[in-house]
Amino acid sequence: MYELYHWFDLLGVAVFAISGTLLAHEKNMDGFGVIVLAAVTAIGGGTLRDMLLDVPVFWVYDTSYFITILVTVFITIMWLNYKPNFPHYCLQLADALGIAFFAIMGAQKALELGVPAMTAVIMAVLTGCFGGVIRDVLAREVPMLLKGPLYAIACVVGAGLYILLVHLGTNPELAMWLGGIATLLVRLIAIRWNLGLYVFRYPS
Amino acid sequence: MYELYHWFDLLGVAVFAISGTLLAHEKNMDGFGVIVLAAVTAIGGGTLRDMLLDVPVFWVYDTSYFITILVTVFITIMWLNYKPNFPHYCLQLADALGIAFFAIMGAQKALELGVPAMTAVIMAVLTGCFGGVIRDVLAREVPMLLKGPLYAIACVVGAGLYILLVHLGTNPELAMWLGGIATLLVRLIAIRWNLGLYVFRYPS
Amino acid sequence: MYELYHWFDLLGVAVFAISGTLLAHEKNMDGFGVIVLAAVTAIGGGTLRDMLLDVPVFWVYDTSYFITILVTVFITIMWLNYKPNFPHYCLQLADALGIAFFAIMGAQKALELGVPAMTAVIMAVLTGCFGGVIRDVLAREVPMLLKGPLYAIACVVGAGLYILLVHLGTNPELAMWLGGIATLLVRLIAIRWNLGLYVFRYPS
């Protein structure tokens with residue numbers, strides 16, 4: 001079972017590495033810039049989570065994450081040079097999948113350490129979204145997290161459901177699947193209808 | 001006594017959360033962006049301090065900080081929608097109070113761990129000012145710390161005084177009050193007369 | 001021997017502090033902004049490395065680094081006020097020296113902890129280049145690392161050579177010198193012929 005999680009994890013890393021490579025392509029970066037942007041997007045969130053929770057950072061002793069990033073970047077660059085117009089819808093779906101998986105993994109890792117439920121939700125948001133924030137800061141974009149449609153609320157809803165189910169005694173694996181699916185659904189609905197959480201009224 | 005410190009601490013968090021919410025309002029962010037900006041401003045400095053000192057991050061096992069942020073953000077949004085013109089002078093005063101308290105708490109936490117005095121001063125500056133730096137980076141402003149009038153010098157003066165008094169054997173609590181008041185005064189004087197620490201001569 | 005390394009280390013810190021001060025001068029920052037920018041450039045990379053590896057951050061218990069930064073900033077400011085046109089070529093050479101030394105020190109510290117070779121290379125790149133990235137983010141420049149000519153590849157080549165030589169059983173000190181010289185050479189060649197690692201074909 002651990003094996004399966006690890007493969008899912010690497011899939012999430014690959015998806016985020018693609019999104020970093022695409023932004024690097026738009027910004028006309030050189031080869032190393034591409035790898036840096038792909039890597040921070042893919043492992044930035046989990047790195048911050050592990051540093052905050054004071055546990056060993058997940059990629060320091062396991063090189064499979066970084067190898068995944070290098071291979072993904074290589075393939076994506078080949079693809080972009082052959083066919084520069086990436087289907088945007090595919091990317092958004094993949095991105096949503098990555099967020100869903102990362103958010104639940106983040107909440108689960110935090111819960112294991114016995115932190116309060118609210119901290120576990122914060123860790124879910126950080127794991128799912130922080131990589132994208134660093135990507136945007138480095139590339140000098142306003143972070144999507146701060147402007148985008150329900151980017152982080154999806155993590156909050158999914159992780160919240162997962163934690164609630166665990167507290168109610170649900171089978172942990174079932175809880176992970178349900179939480180992940182909830183994250184994915186909220187994210188896809190927000191993209192489809194371009195929903196945001198607007199809280200300020202501006203005089204028009 | 002611990003209780004009293006904790007309430008002061010939450011007051012500092014609330015003040016910084018307000019300043020993050022105000023910037024988010026200016027930048028037209030959505031609801032989650034507001035919470036993120038408020039949270040990084042309020043707990044960013046202390047989080048970096050704890051990671052550098054390698055002690056458990058203060059908000060991971062204590063949810064009162066995050067609840068304070070959520071409540072503060074909610075009230076500030078209500079207020080801004082009702083009356084968009086916030087009195088700027090009040091905010092600067094509150095901000096100065098927050099910096100004063102955070103700087104001294106940062107120095108005190110560092111001293112307790114037995115670091116050199118100079119490191120304790122650095123921790124005071126980080127705790128007091130770093131949250132504002134991340135806030136400005138995320139919102140794509142030039143960080144106030146790098147441009148503003150004596151933002152960090154106030155922390156250096158106040159924390160330096162506090163550490164000096166502790167070394168001289170003053171009652172720790174008295175030293176905290178005096179250090180905090182010194183921080184506050186330097187900050188307010190700098191705001192009032194718009195003082196800066198200009199070091200470069202530019203040919204005119 | 002430890003003493004000698006420490007002096008080299010401080011030399012690297014001084015060089016990066018100069019580069020931060022120069023950017024602060026260009027950006028018209030005040031005195032504290034200069035110190036902050038110089039400090040993050042000089043110790044930002046090593047700080048991130050130590051936090052990721054979960055070892056005590058190198059400057060927390062040793063004030064010689066921060067004193068070096070303050071002295072360097074002071075001298076550089078004096079110099080800039082007297083003669084604002086700094087010879088750019090000197091700076092690039094010094095910068096390359098700093099990167100070479102920091103990269104090898106980063107790899108060596110990581111290897112000592114028993115991490116995989118790939119992680120040691122990543123730590124070399126972070127130690128050598130991350131300080132400059134934070135400097136550019138704070139000053140709102142596109143990070144040189146993401147655009148510049150072979151900035152990080154130099155670290156990869158030099159650290160890779162060093163690690164390979166250590167694995168082959170070379171004398172560790174000789175390996176450090178050879179790795180450092182390789183880093184320096186790649187960096188200087190890249191600057192001289194303005195080489196980049198261009199991976200995207202753009203339709204013209």
# chains A, B, ... in the order shown; residues from 1 in each chain; ligands from 1
call {"tool": "residues_around", "arguments": {"residues": "Val137 (chain A)", "least_positions_apart": "3", "cutoff": "9 Å", "atoms": "only C-alpha atoms", "output": "PDB file with C-alpha atoms, in the first residue's frame"}}
result
ATOM      1  CA  GLY A 132       2.531  27.473  -6.841  1.00  0.00           C
ATOM      2  CA  VAL A 133       2.983  30.594  -4.714  1.00  0.00           C
ATOM      3  CA  ILE A 134       6.810  30.402  -4.831  1.00  0.00           C
ATOM      4  CA  ARG A 140       7.077  37.839 -10.776  1.00  0.00           C
ATOM      5  CA  GLU A 141       3.411  37.024 -11.214  1.00  0.00           C
ATOM      6  CA  VAL A 142       0.788  37.949  -8.623  1.00  0.00           C
ATOM      7  CA  PRO A 143       0.368  34.556  -6.902  1.00  0.00           C
TER       8      PRO A 143
ATOM      9  CA  VAL B 137       6.624  40.372  -1.558  1.00  0.00           C
ATOM     10  CA  LEU B 138       3.383  38.424  -2.064  1.00  0.00           C
ATOM     11  CA  ARG B 140       4.352  42.705  -5.217  1.00  0.00           C
TER      12      ARG B 140
ATOM     13  CA  VAL C 137      13.040  38.819  -5.146  1.00  0.00           C
TER      14      VAL C 137
END
call {"tool": "interface_residues", "arguments": {"of": "chain A", "to": "chain C", "cutoff": "6 Å", "atoms": "only C-alpha atoms", "output": "list in words"}}
result
Met29, Asp30, Gly31, Gly33, Val60, Tyr61 and Asn81 of chain A
call {"tool": "residues_around", "arguments": {"residues": "region 8-20 of chain B", "least_positions_apart": "3", "cutoff": "7 Å", "atoms": "only C-alpha atoms", "output": "PDB file with N, CA, C and O atoms, in the first residue's frame"}}
result
ATOM      1  N   LEU B   4      -0.873  36.777  30.658  1.00  0.00           N
ATOM      2  CA  LEU B   4      -0.844  38.163  30.196  1.00  0.00           C
ATOM      3  C   LEU B   4      -0.023  38.280  28.915  1.00  0.00           C
ATOM      4  O   LEU B   4      -0.467  38.895  27.933  1.00  0.00           O
ATOM      5  N   TYR B   5       1.162  37.667  28.894  1.00  0.00           N
ATOM      6  CA  TYR B   5       1.999  37.698  27.694  1.00  0.00           C
ATOM      7  C   TYR B   5       1.244  37.145  26.495  1.00  0.00           C
ATOM      8  O   TYR B   5       1.302  37.685  25.400  1.00  0.00           O
ATOM      9  N   LEU B  23      -4.017  45.721   3.045  1.00  0.00           N
ATOM     10  CA  LEU B  23      -3.289  45.640   1.778  1.00  0.00           C
ATOM     11  C   LEU B  23      -4.045  44.762   0.778  1.00  0.00           C
ATOM     12  O   LEU B  23      -4.130  45.083  -0.411  1.00  0.00           O
ATOM     13  N   ALA B  24      -4.628  43.663   1.282  1.00  0.00           N
ATOM     14  CA  ALA B  24      -5.398  42.775   0.403  1.00  0.00           C
ATOM     15  C   ALA B  24      -6.587  43.522  -0.197  1.00  0.00           C
ATOM     16  O   ALA B  24      -6.958  43.319  -1.360  1.00  0.00           O
ATOM     17  N   LEU B  37      -2.775  36.651   3.242  1.00  0.00           N
ATOM     18  CA  LEU B  37      -1.957  37.838   3.450  1.00  0.00           C
ATOM     19  C   LEU B  37      -1.973  38.249   4.921  1.00  0.00           C
ATOM     20  O   LEU B  37      -0.941  38.614   5.494  1.00  0.00           O
ATOM     21  N   ALA B  38      -3.148  38.165   5.561  1.00  0.00           N
ATOM     22  CA  ALA B  38      -3.240  38.505   6.979  1.00  0.00           C
ATOM     23  C   ALA B  38      -2.389  37.536   7.812  1.00  0.00           C
ATOM     24  O   ALA B  38      -1.673  37.947   8.728  1.00  0.00           O
ATOM     25  N   ALA B  39      -2.459  36.246   7.473  1.00  0.00           N
ATOM     26  CA  ALA B  39      -1.756  35.243   8.270  1.00  0.00           C
ATOM     27  C   ALA B  39      -0.238  35.376   8.128  1.00  0.00           C
ATOM     28  O   ALA B  39       0.486  35.323   9.120  1.00  0.00           O
ATOM     29  N   THR B  41       1.459  38.001   7.397  1.00  0.00           N
ATOM     30  CA  THR B  41       1.898  39.212   8.075  1.00  0.00           C
ATOM     31  C   THR B  41       1.959  38.990   9.579  1.00  0.00           C
ATOM     32  O   THR B  41       2.894  39.418  10.256  1.00  0.00           O
ATOM     33  N   ALA B  42       0.954  38.288  10.107  1.00  0.00           N
ATOM     34  CA  ALA B  42       0.823  38.158  11.561  1.00  0.00           C
ATOM     35  C   ALA B  42       1.783  37.126  12.155  1.00  0.00           C
ATOM     36  O   ALA B  42       2.329  37.331  13.229  1.00  0.00           O
ATOM     37  N   ILE B  43       1.994  36.007  11.454  1.00  0.00           N
ATOM     38  CA  ILE B  43       2.809  34.958  12.073  1.00  0.00           C
ATOM     39  C   ILE B  43       4.058  34.628  11.273  1.00  0.00           C
ATOM     40  O   ILE B  43       4.840  33.768  11.674  1.00  0.00           O
ATOM     41  N   TYR B  65      -3.721  31.368  17.871  1.00  0.00           N
ATOM     42  CA  TYR B  65      -3.211  32.378  16.945  1.00  0.00           C
ATOM     43  C   TYR B  65      -4.039  32.422  15.673  1.00  0.00           C
ATOM     44  O   TYR B  65      -4.417  33.482  15.190  1.00  0.00           O
ATOM     45  N   THR B  68      -7.477  33.851  16.192  1.00  0.00           N
ATOM     46  CA  THR B  68      -7.389  35.317  16.270  1.00  0.00           C
ATOM     47  C   THR B  68      -7.336  35.935  14.884  1.00  0.00           C
ATOM     48  O   THR B  68      -8.005  36.942  14.598  1.00  0.00           O
ATOM     49  N   ILE B  69      -6.546  35.330  13.994  1.00  0.00           N
ATOM     50  CA  ILE B  69      -6.420  35.873  12.641  1.00  0.00           C
ATOM     51  C   ILE B  69      -7.763  35.821  11.923  1.00  0.00           C
ATOM     52  O   ILE B  69      -8.203  36.807  11.324  1.00  0.00           O
ATOM     53  N   THR B  72     -10.156  38.409  13.353  1.00  0.00           N
ATOM     54  CA  THR B  72      -9.727  39.762  12.993  1.00  0.00           C
ATOM     55  C   THR B  72     -10.022  40.066  11.535  1.00  0.00           C
ATOM     56  O   THR B  72     -10.524  41.153  11.197  1.00  0.00           O
ATOM     57  N   VAL B  73      -9.719  39.108  10.667  1.00  0.00           N
ATOM     58  CA  VAL B  73      -9.977  39.319   9.243  1.00  0.00           C
ATOM     59  C   VAL B  73     -11.463  39.534   9.013  1.00  0.00           C
ATOM     60  O   VAL B  73     -11.870  40.452   8.278  1.00  0.00           O
ATOM     61  N   THR B  76     -12.480  42.992  10.202  1.00  0.00           N
ATOM     62  CA  THR B  76     -11.909  44.048   9.360  1.00  0.00           C
ATOM     63  C   THR B  76     -12.644  44.131   8.023  1.00  0.00           C
ATOM     64  O   THR B  76     -12.875  45.219   7.498  1.00  0.00           O
ATOM     65  N   ALA B  94      -1.088  51.259  15.795  1.00  0.00           N
ATOM     66  CA  ALA B  94      -1.275  49.847  16.123  1.00  0.00           C
ATOM     67  C   ALA B  94      -0.109  49.012  15.598  1.00  0.00           C
ATOM     68  O   ALA B  94       0.412  48.132  16.287  1.00  0.00           O
ATOM     69  N   ASP B  95       0.303  49.327  14.378  1.00  0.00           N
ATOM     70  CA  ASP B  95       1.416  48.615  13.766  1.00  0.00           C
ATOM     71  C   ASP B  95       2.685  48.788  14.614  1.00  0.00           C
ATOM     72  O   ASP B  95       3.413  47.828  14.873  1.00  0.00           O
ATOM     73  N   GLY B  98       2.452  46.640  17.629  1.00  0.00           N
ATOM     74  CA  GLY B  98       2.711  45.246  17.278  1.00  0.00           C
ATOM     75  C   GLY B  98       4.193  44.972  17.127  1.00  0.00           C
ATOM     76  O   GLY B  98       4.732  43.989  17.654  1.00  0.00           O
ATOM     77  N   PHE B 101       5.995  44.895  20.530  1.00  0.00           N
ATOM     78  CA  PHE B 101       5.787  43.688  21.305  1.00  0.00           C
ATOM     79  C   PHE B 101       6.494  42.490  20.690  1.00  0.00           C
ATOM     80  O   PHE B 101       7.176  41.731  21.381  1.00  0.00           O
ATOM     81  N   PHE B 102       6.359  42.338  19.373  1.00  0.00           N
ATOM     82  CA  PHE B 102       6.970  41.195  18.698  1.00  0.00           C
ATOM     83  C   PHE B 102       8.496  41.218  18.817  1.00  0.00           C
ATOM     84  O   PHE B 102       9.124  40.174  19.006  1.00  0.00           O
ATOM     85  N   ARG B 135       4.512  39.823   3.368  1.00  0.00           N
ATOM     86  CA  ARG B 135       3.269  40.460   2.902  1.00  0.00           C
ATOM     87  C   ARG B 135       3.536  41.291   1.647  1.00  0.00           C
ATOM     88  O   ARG B 135       2.835  41.147   0.638  1.00  0.00           O
TER      89      ARG B 135
END
call {"tool": "residues_around", "arguments": {"residues": "Thr127 (chain A)", "least_positions_apart": "5", "cutoff": "6 Å", "atoms": "only C-alpha atoms", "output": "list in words"}}
result
Gly45, Gly46, Phe102, Ala103 and Gly106 of chain A
call {"tool": "atom_distance", "arguments": {"atom1": "CA of Trp193 (chain A)", "atom2": "CA of Val156 (chain A)"}}
result
19.1 Å
call {"tool": "select_by_dssp", "arguments": {"residues": "region 41-121 of chain C", "states": "alpha helix (DSSP H)", "output": "PyMOL selection string"}}
result
chain C and resi 41-53+64-82+88-112+117-121
call {"tool": "atom_distance", "arguments": {"atom1": "CA of Leu48 (chain C)", "atom2": "CA of Asp62 (chain C)"}}
result
16.6 Å
call {"tool": "atom_distance", "arguments": {"atom1": "CA of Arg187 (chain A)", "atom2": "CA of His167 (chain A)"}}
result
24.2 Å
call {"tool": "closest_residue", "arguments": {"among": "B:Val36, B:Val71, B:Asp50, B:Gly169", "to": "Leu113 (chain B)", "atoms": "only C-alpha atoms"}}
result
B:Asp50
call {"tool": "closest_residue", "arguments": {"among": "B:Ile77, B:Leu165, B:Gly158, B:Pro56", "to": "Val186 (chain B)", "atoms": "only C-alpha atoms"}}
result
B:Gly158
call {"tool": "residues_around", "arguments": {"residues": "Leu93 (chain C)", "least_positions_apart": "2", "cutoff": "10 Å", "atoms": "only C-alpha atoms", "output": "ChimeraX atom specification"}}
result
/C:15,88-91,95-99,184,187-188,191
call {"tool": "residues_around", "arguments": {"residues": "region 159-163 of chain B", "least_positions_apart": "3", "cutoff": "9 Å", "atoms": "only C-alpha atoms", "output": "short mmCIF file (atom, residue, chain, number, x, y, z; two decimals) with N, CA and C atoms, in the first residue's frame"}}
result
data_model
loop_
_atom_site.label_atom_id
_atom_site.label_comp_id
_atom_site.auth_asym_id
_atom_site.auth_seq_id
_atom_site.Cartn_x
_atom_site.Cartn_y
_atom_site.Cartn_z
N ALA B 100 6.70 46.62 18.42
CA ALA B 100 7.37 46.72 19.71
C ALA B 100 7.23 45.41 20.49
N ALA B 103 9.09 42.39 18.68
CA ALA B 103 10.56 42.48 18.73
C ALA B 103 11.07 42.00 20.08
N ILE B 104 10.44 42.46 21.17
CA ILE B 104 10.92 42.08 22.49
C ILE B 104 10.68 40.59 22.74
N GLY B 106 10.64 38.29 20.52
CA GLY B 106 11.62 37.58 19.71
C GLY B 106 12.98 37.52 20.40
N ALA B 107 13.41 38.67 20.93
CA ALA B 107 14.70 38.72 21.62
C ALA B 107 14.68 37.83 22.85
N GLN B 108 13.57 37.87 23.58
CA GLN B 108 13.48 37.09 24.81
C GLN B 108 13.55 35.58 24.52
N LEU B 111 17.15 34.73 23.66
CA LEU B 111 18.04 34.75 24.84
C LEU B 111 17.87 33.50 25.68
N ALA B 117 24.21 37.67 22.02
CA ALA B 117 23.35 38.86 22.04
C ALA B 117 23.05 39.34 20.63
N MET B 118 24.05 39.30 19.73
CA MET B 118 23.82 39.81 18.39
C MET B 118 22.75 38.99 17.67
N ALA B 120 20.33 37.46 19.12
CA ALA B 120 19.04 37.82 19.72
C ALA B 120 18.49 39.09 19.09
N VAL B 121 19.37 40.04 18.79
CA VAL B 121 18.91 41.27 18.12
C VAL B 121 18.38 40.95 16.74
N ALA B 124 15.02 39.60 17.02
CA ALA B 124 14.04 40.64 17.30
C ALA B 124 13.60 41.32 16.01
N VAL B 125 14.56 41.65 15.16
CA VAL B 125 14.23 42.31 13.90
C VAL B 125 13.37 41.39 13.04
N ALA B 154 14.14 50.58 14.86
CA ALA B 154 13.35 50.59 16.09
C ALA B 154 13.50 49.27 16.83
N CYS B 155 13.44 48.15 16.07
CA CYS B 155 13.60 46.83 16.70
C CYS B 155 15.01 46.67 17.27
N VAL B 156 16.01 47.15 16.53
CA VAL B 156 17.40 47.01 17.00
C VAL B 156 17.58 47.78 18.30
N VAL B 166 18.97 43.14 30.62
CA VAL B 166 19.00 41.78 31.15
C VAL B 166 20.42 41.40 31.58
N HIS B 167 21.40 41.75 30.72
CA HIS B 167 22.79 41.44 31.05
C HIS B 167 23.24 42.17 32.31
N LEU B 168 22.70 43.38 32.52
CA LEU B 168 23.06 44.16 33.71
C LEU B 168 22.33 43.67 34.95
N PRO B 172 13.72 41.02 34.66
CA PRO B 172 13.40 40.72 33.26
C PRO B 172 12.14 41.42 32.77
N LEU B 174 10.71 44.24 33.87
CA LEU B 174 10.98 45.67 33.69
C LEU B 174 11.76 45.89 32.40
N ALA B 175 12.76 45.03 32.16
CA ALA B 175 13.58 45.16 30.95
C ALA B 175 12.69 45.03 29.70
N MET B 176 11.73 44.09 29.73
CA MET B 176 10.84 43.93 28.59
C MET B 176 10.02 45.20 28.35
N TRP B 177 9.47 45.77 29.44
CA TRP B 177 8.65 46.97 29.27
C TRP B 177 9.48 48.11 28.71
N LEU B 178 10.69 48.31 29.28
CA LEU B 178 11.53 49.42 28.82
C LEU B 178 11.95 49.22 27.36
N GLY B 179 12.33 47.98 27.02
CA GLY B 179 12.71 47.70 25.63
C GLY B 179 11.55 47.93 24.68
N GLY B 180 10.37 47.48 25.08
CA GLY B 180 9.19 47.66 24.23
C GLY B 180 8.86 49.13 24.04
N ALA B 182 10.91 51.64 24.24
CA ALA B 182 11.95 52.24 23.39
C ALA B 182 11.65 51.96 21.92
N THR B 183 11.30 50.69 21.61
CA THR B 183 10.96 50.34 20.22
C THR B 183 9.84 51.24 19.72
#
